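Reviewing the structure listed below.
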There are 2 protein chains.
Amino acid sequence: MAAVTFELIHKDAATGARAGILHTPHGKFLTPLFMPVGTQATVKTLSPHEVQNLGAGVVLANTYHLFLRPGAELIRKAGGLHKFMNWTHGILTDSGGFQVFSLGDLRKISEDGVTFRSHIDGSEKFLSPEISIATQAALGSDIAMAFDECIPYPADYDYTKTSTERTHRWALRSLEAATNPKQGIFCICQGGMYEDLREESAKFIGGLDCAGCAVGGLSVGEPKELMYRMLEVSTKFLPENKARYLMGVGTPDHLIEGVLRGVDMFDCVFPTRVARNGMAMVSPETAPRGRLVMKNAEFTEDFSPLESHCDCYACRNKFTRAYIRHLIRADEIFGLRLLALHNLRYLQRFTAKMREAILADKFSEFREKFFDAYDNGSNA
Amino acid sequence: MAAVTFELIHKDAATGARAGILHTPHGKFLTPLFMPVGTQATVKTLSPHEVQNLGAGVVLANTYHLFLRPGAELIRKAGGLHKFMNWTHGILTDSGGFQVFSLGDLRKISEDGVTFRSHIDGSEKFLSPEISIATQAALGSDIAMAFDECIPYPADYDYTKTSTERTHRWALRSLEAATNPKQGIFCICQGGMYEDLREESAKFIGGLDCAGCAVGGLSVGEPKELMYRMLEVSTKFLPENKARYLMGVGTPDHLIEGVLRGVDMFDCVFPTRVARNGMAMVSPETAPRGRLVMKNAEFTEDFSPLESHCDCYACRNKFTRAYIRHLIRADEIFGLRLLALHNLRYLQRFTAKMREAILADKFSEFREKFFDAYDNGSNA
């Protein structure tokens, strides 16, 4: 049996939104699934026990960062990434491609792979499909991602076509390079902002013998309507029986729109990054567009929790908005922790509610209710 | 009955080192007692539940910082400092004097009090014994400290004498200003580095009707032998039936030497500050002078915990030295948290062991064993 499989449990009658189970060597996880990002083998500011307690099943770790520091060989010697970071549930590693391509002038692409300079010490490094997969095999993640190019936005048609076709060849090489039987490999569709290329890419990737399919190259600066259309064209041609993962997406509105278009898995640094900027993610009923900026003076004497109905550590223990505001203004790390815990728990509760709505064939109602509050909030 | 009292349980037969119980409105705590510092209503990087789980009974919060931000009135409205920061055990607040006097040229002393400029926004502020005590009453700490001047080192005899006598008058004014019946006030001996002034100050402070006596103005840069002698002269003249608190001291060698000289309570930022610099505090048997510098290359592939016999969160869960080194090098906050938890737990275990040795009349042996390892370590 394959290391990683997807079990489709139910499709919402009206929309086709999916509820399923992702089976991995470190447990099975309900979808829709949001994966917190643990770039450098730690979800920023949190302990693995805290991440587990907030209900997260799978975390994402970044191959680029771990490849450079501390190095995959060290983590292999430590017994693999799970043991190294003390995380007993699922881990998905990205391929390193996204970070390498983000280096801009510091990298050079060839058919073989990408030469780049480390952001840490400037030394020259090389990543290819084979090296990425070998690195991820050493890390021992449950899910490894094929090496791809995340095309910047905007990009012209010719570049997009050339790059997407290379990503396809790299996907084949990634699958060829697989050696770890306890790891599933997901391949990534690209195609930029061109419908025909998106369709072509989804058909190609969907036809590969991989454990799951990801949609890459979205949420890179394009208007959201364009993102939603490109996503639709992609998922339409992906097989039903494999998990679909929309990479780098993590705001509640994008999650709903992704699930509506047949996506099962998401990851994003958003909840932990905005926590570090002092922002709490809340339901749109609580605040306009679901966001509280904790430094705002309105919270100075606000002795209520972030959300009274929330069961996260911060809200359950009645840490007040006034206290969190104080911590954020005073640059105290515990303030970031409380917000990170709340934001990640918010997304776990949110994905659980989406699943519940799908199982009850009420996803449309759920979505409408959310956007009614969300958009009303924005006018408030 | 007074809000805060001290119960002397046993004195080590050979040395007179003390084991006791500090009774406060928020529980009773065994001495010798080390108090972690929570400057801005949070022990840096940690949750109150973590601090409680590592066995800390009393935390110290800084009146100067809370006076400036968020302000004592806000904390009073929040229901007091315990509720504001979600801490159910003891809190000791300092008087603000130490921080104000550390401002150097930014402050001006008069008999009435100290005018200073806020380090946050440069605005002019004023602290006096009356304002400090009123502020601490609003914060609602279990133990408030009298307003004093912590004399810098070195200081000449005349300045030390003048300042110490003013500190005595301020102690009387602090006691006069007390209004909170649920709060005990500790007064502070000074006397700089002059035996006769230390003696005079201890006699004066020891004769006041206060809940406990602190020794201030030590560990301010003087040689440790001088510190120990000044401490000895001070505690000699303090009453037996009140707790004695050596302010701002927190390395294990200083703790032992303090307890040897009759001290019951300590506080210091040391364990949390060095955690932020990547240092683990360990027993001297584990490493020279009880310190591990986690960035050192020797820990690159060290897959053992900081200390295998330690029961802190980090060691109990077998987070390895290699992982902690990785986190510290990668500037990940979770690395600081693991070290802060370990260091504070180390000091809690250390004070518990001192108590045990005192109760068994074996404090001398305990001390000798510690320094044998400590000094051997330093030559290793």
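Letters for chains follow the order of the structure tokens (A, B, ...), residue numbers begin at 1 for each chain, and ligand numbers begin at 1 in the order shown.
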Using DSSP on the backbone, list every residue of segment 181-254 of chain A that comes out as alpha helix (DSSP H), and give them as a list in words.
Glu195, Asp196, Leu197, Arg198, Glu199, Glu200, Ser201, Ala202, Lys203, Phe204, Ile205, Gly206, Lys224, Glu225, Leu226, Met227, Tyr228, Arg229, Met230, Leu231, Glu232, Val233, Ser234, Thr235, Lys236, Pro252, Asp253 and His254 of chain A
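The protein and nucleic acid residues lying at most 12 Å from Gln52 of chain A are Met35, Pro36, Val43, Leu46, Ser47, Pro48, His49, Gly55, Ala56, Gly57, Val58, Val59, Asn86, Trp87, Thr88, His89, Gly90, Cys312, Leu341, Leu344, Arg345 and Gln348 of chain A, with only C-alpha atoms considered and sequence neighbours fewer than 3 positions away removed.
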Could you list, as a list in words, every residue within 10 Å of Met227 of chain A, counting only C-alpha atoms and ignoring same-chain residues fewer than 4 positions away?
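What passes the distance filter is Gly192, Met193, Gly217, Leu218, Ser219, Val220, Gly221, Glu222, Pro223, Leu231, Glu232, His254, Glu257 and Gly258 of chain A.
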Would you mind listing, for every residue of chain B within 8 Å of chain A, the two atoms forming the shortest contact and the distance between them in Å to one decimal, using only C-alpha atoms, sorted by chain and ascending residue number, as CSV?
```
residue,atom,partner,partner_atom,distance
B:Gln40,CA,A:Ala330,CA,7.5
B:Thr42,CA,A:Phe334,CA,7.2
B:Lys44,CA,A:Ile333,CA,6.8
B:Thr45,CA,A:Ile333,CA,5.1
B:Leu46,CA,A:Phe334,CA,6.1
B:Ser47,CA,A:Phe334,CA,6.6
B:Arg69,CA,A:His326,CA,7.5
B:Pro70,CA,A:His326,CA,6.2
B:Leu74,CA,A:Glu301,CA,6.9
B:Ala78,CA,A:Phe303,CA,6.6
B:Phe84,CA,A:Tyr323,CA,6.3
B:Met85,CA,A:Tyr323,CA,7.0
B:Asn86,CA,A:Phe319,CA,7.0
B:Glu301,CA,A:Leu74,CA,6.9
B:Phe303,CA,A:Ala78,CA,6.6
B:Asn317,CA,A:Asn86,CA,7.8
B:Phe319,CA,A:Asn86,CA,7.0
B:Thr320,CA,A:Phe84,CA,7.6
B:Tyr323,CA,A:Phe84,CA,6.3
B:His326,CA,A:Pro70,CA,6.2
B:Leu327,CA,A:Gln40,CA,7.8
B:Ala330,CA,A:Gln40,CA,7.5
B:Glu332,CA,A:Lys44,CA,6.8
B:Ile333,CA,A:Thr45,CA,5.0
B:Phe334,CA,A:Thr45,CA,5.1
```
Residue with smallest distance to Arg349 of chain A - pool A:Ile205, A:Val293, A:Val282, A:Ala146, counting only C-alpha atoms:
A:Val282
Near Glu124 of chain A, counting only C-alpha atoms, which residues have an atom at most 10 Å away, once you skip same-chain residues fewer than 6 positions from it, shown as a PyMOL selection string?
chain A and resi 106-107+115-118
Please identify all polymer residues within 10 Å of Met230 of chain A, counting only C-alpha atoms, omitting same-chain residues fewer than 6 positions from it, and present them as an mmCIF file with C-alpha atoms, in the first residue's frame.
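Result went into part33.cif, see below:
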```cif
data_model
loop_
_atom_site.group_PDB
_atom_site.id
_atom_site.type_symbol
_atom_site.label_atom_id
_atom_site.label_comp_id
_atom_site.auth_asym_id
_atom_site.auth_seq_id
_atom_site.Cartn_x
_atom_site.Cartn_y
_atom_site.Cartn_z
ATOM 1 C CA GLN A 190 1.767 25.363 -12.720
ATOM 2 C CA GLY A 191 0.605 27.245 -15.829
ATOM 3 C CA GLY A 192 0.765 30.793 -14.548
ATOM 4 C CA MET A 193 -2.248 32.931 -15.343
ATOM 5 C CA TYR A 194 -3.093 31.243 -18.678
ATOM 6 C CA GLU A 195 -6.115 28.969 -18.764
ATOM 7 C CA ASP A 196 -4.812 26.694 -21.510
ATOM 8 C CA LEU A 197 -1.483 26.214 -19.743
ATOM 9 C CA ARG A 198 -3.233 25.605 -16.411
ATOM 10 C CA GLU A 199 -5.437 22.961 -18.085
ATOM 11 C CA VAL A 215 -1.663 23.677 -7.366
ATOM 12 C CA GLY A 217 1.961 29.547 -8.560
ATOM 13 C CA LEU A 218 -1.202 31.101 -7.153
ATOM 14 C CA LYS A 224 -8.204 37.176 -6.406
#
```
Give me, as a short mmCIF file (atom, residue, chain, number, x, y, z; two decimals) with N, CA and C atoms, in the first residue's frame, all polymer residues having an atom no more than 8 Å from Gly206 of chain A, counting only C-alpha atoms and skipping those fewer than 6 positions away in the same chain.
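Writing done, so here's part.cif:
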```
data_model
loop_
_atom_site.label_atom_id
_atom_site.label_comp_id
_atom_site.auth_asym_id
_atom_site.auth_seq_id
_atom_site.Cartn_x
_atom_site.Cartn_y
_atom_site.Cartn_z
N CYS A 213 -1.77 15.85 -5.63
CA CYS A 213 -1.52 16.90 -6.61
C CYS A 213 -1.64 18.27 -5.94
N PHE A 237 -9.29 19.31 -13.69
CA PHE A 237 -8.63 18.22 -14.42
C PHE A 237 -7.78 17.34 -13.52
N LEU A 238 -7.93 17.50 -12.21
CA LEU A 238 -7.16 16.65 -11.30
C LEU A 238 -8.00 15.46 -10.89
N PRO A 239 -7.35 14.32 -10.64
CA PRO A 239 -8.12 13.11 -10.30
C PRO A 239 -8.85 13.27 -8.97
#
```
Excluding Leu208 of chain A and residues on its chain fewer than 5 positions from it, collect all residues at most 12 Å away from it, counting only C-alpha atoms, and give them as a PDB file with N, CA and C atoms, in the first residue's frame.
```pdb
ATOM      1  N   ALA A 146       7.419  17.508  -5.266  1.00  0.00           N
ATOM      2  CA  ALA A 146       8.284  17.511  -6.446  1.00  0.00           C
ATOM      3  C   ALA A 146       8.895  18.901  -6.621  1.00  0.00           C
ATOM      4  N   HIS A 168       7.144  20.096 -15.538  1.00  0.00           N
ATOM      5  CA  HIS A 168       6.642  18.737 -15.813  1.00  0.00           C
ATOM      6  C   HIS A 168       7.787  17.740 -15.894  1.00  0.00           C
ATOM      7  N   ARG A 169       8.863  18.130 -16.587  1.00  0.00           N
ATOM      8  CA  ARG A 169      10.012  17.218 -16.686  1.00  0.00           C
ATOM      9  C   ARG A 169      10.626  17.009 -15.305  1.00  0.00           C
ATOM     10  N   ALA A 171       8.993  17.122 -12.533  1.00  0.00           N
ATOM     11  CA  ALA A 171       8.082  16.254 -11.773  1.00  0.00           C
ATOM     12  C   ALA A 171       8.406  14.787 -12.061  1.00  0.00           C
ATOM     13  N   LEU A 172       8.626  14.488 -13.336  1.00  0.00           N
ATOM     14  CA  LEU A 172       8.988  13.111 -13.700  1.00  0.00           C
ATOM     15  C   LEU A 172      10.297  12.704 -13.035  1.00  0.00           C
ATOM     16  N   ARG A 173      11.281  13.621 -13.080  1.00  0.00           N
ATOM     17  CA  ARG A 173      12.583  13.315 -12.461  1.00  0.00           C
ATOM     18  C   ARG A 173      12.420  13.162 -10.941  1.00  0.00           C
ATOM     19  N   SER A 174      11.552  13.972 -10.337  1.00  0.00           N
ATOM     20  CA  SER A 174      11.325  13.873  -8.888  1.00  0.00           C
ATOM     21  C   SER A 174      10.779  12.491  -8.540  1.00  0.00           C
ATOM     22  N   LEU A 175       9.800  12.034  -9.315  1.00  0.00           N
ATOM     23  CA  LEU A 175       9.211  10.713  -9.036  1.00  0.00           C
ATOM     24  C   LEU A 175      10.236   9.603  -9.247  1.00  0.00           C
ATOM     25  N   GLU A 176      11.056   9.770 -10.297  1.00  0.00           N
ATOM     26  CA  GLU A 176      12.140   8.809 -10.578  1.00  0.00           C
ATOM     27  C   GLU A 176      13.102   8.701  -9.406  1.00  0.00           C
ATOM     28  N   ILE A 185       4.877  11.289  -2.602  1.00  0.00           N
ATOM     29  CA  ILE A 185       5.320  12.486  -3.331  1.00  0.00           C
ATOM     30  C   ILE A 185       4.123  13.138  -4.025  1.00  0.00           C
ATOM     31  N   PHE A 186       3.983  14.438  -3.775  1.00  0.00           N
ATOM     32  CA  PHE A 186       2.961  15.233  -4.452  1.00  0.00           C
ATOM     33  C   PHE A 186       3.641  15.990  -5.596  1.00  0.00           C
ATOM     34  N   CYS A 187       3.006  16.000  -6.761  1.00  0.00           N
ATOM     35  CA  CYS A 187       3.533  16.806  -7.866  1.00  0.00           C
ATOM     36  C   CYS A 187       2.690  18.078  -8.009  1.00  0.00           C
ATOM     37  N   ILE A 188       3.282  19.082  -8.643  1.00  0.00           N
ATOM     38  CA  ILE A 188       2.702  20.432  -8.613  1.00  0.00           C
ATOM     39  C   ILE A 188       2.344  20.925 -10.007  1.00  0.00           C
ATOM     40  N   CYS A 189       1.082  21.325 -10.209  1.00  0.00           N
ATOM     41  CA  CYS A 189       0.695  21.980 -11.469  1.00  0.00           C
ATOM     42  C   CYS A 189       1.129  23.431 -11.433  1.00  0.00           C
ATOM     43  N   SER A 201      -1.328  21.699 -17.709  1.00  0.00           N
ATOM     44  CA  SER A 201      -0.491  21.292 -16.585  1.00  0.00           C
ATOM     45  C   SER A 201      -1.268  20.375 -15.642  1.00  0.00           C
ATOM     46  N   ALA A 202      -2.519  20.716 -15.363  1.00  0.00           N
ATOM     47  CA  ALA A 202      -3.325  19.883 -14.466  1.00  0.00           C
ATOM     48  C   ALA A 202      -3.507  18.488 -15.059  1.00  0.00           C
ATOM     49  N   LYS A 203      -3.720  18.433 -16.382  1.00  0.00           N
ATOM     50  CA  LYS A 203      -3.876  17.122 -17.026  1.00  0.00           C
ATOM     51  C   LYS A 203      -2.587  16.314 -16.922  1.00  0.00           C
ATOM     52  N   CYS A 213      -1.767  15.846  -5.631  1.00  0.00           N
ATOM     53  CA  CYS A 213      -1.519  16.901  -6.607  1.00  0.00           C
ATOM     54  C   CYS A 213      -1.636  18.265  -5.941  1.00  0.00           C
ATOM     55  N   LEU A 238      -7.930  17.503 -12.211  1.00  0.00           N
ATOM     56  CA  LEU A 238      -7.155  16.651 -11.296  1.00  0.00           C
ATOM     57  C   LEU A 238      -7.996  15.455 -10.892  1.00  0.00           C
ATOM     58  N   PRO A 239      -7.355  14.321 -10.642  1.00  0.00           N
ATOM     59  CA  PRO A 239      -8.122  13.115 -10.302  1.00  0.00           C
ATOM     60  C   PRO A 239      -8.851  13.271  -8.969  1.00  0.00           C
ATOM     61  N   LYS A 242      -7.246  11.633  -5.415  1.00  0.00           N
ATOM     62  CA  LYS A 242      -6.004  12.089  -4.787  1.00  0.00           C
ATOM     63  C   LYS A 242      -6.241  13.426  -4.092  1.00  0.00           C
TER      64      LYS A 242
END
```
One decimal, in Å: what's the spacing between atom CA of Gly216 of chain B and atom CA of Phe98 of chain B?
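That distance, rounded to one decimal, is 9.3 Å.
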Return the single residue from A:Leu68, A:Phe370, A:Ala211, A:Pro25 that is closest to Ser123 of chain A, with distances computed using only C-alpha atoms.
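Comparing A:Leu68, A:Phe370, A:Ala211, A:Pro25 against Ser123 of chain A, the winner is A:Leu68.
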Out of A:Arg321, A:His23, A:His342, A:Arg166, which residue has the shortest atom-to-atom distance to Met1 of chain A when counting only C-alpha atoms?
A:His23
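With atom CA of Phe270 of chain A on one side and atom CA of Ser283 of chain A on the other, the separation reads 15.5 Å.
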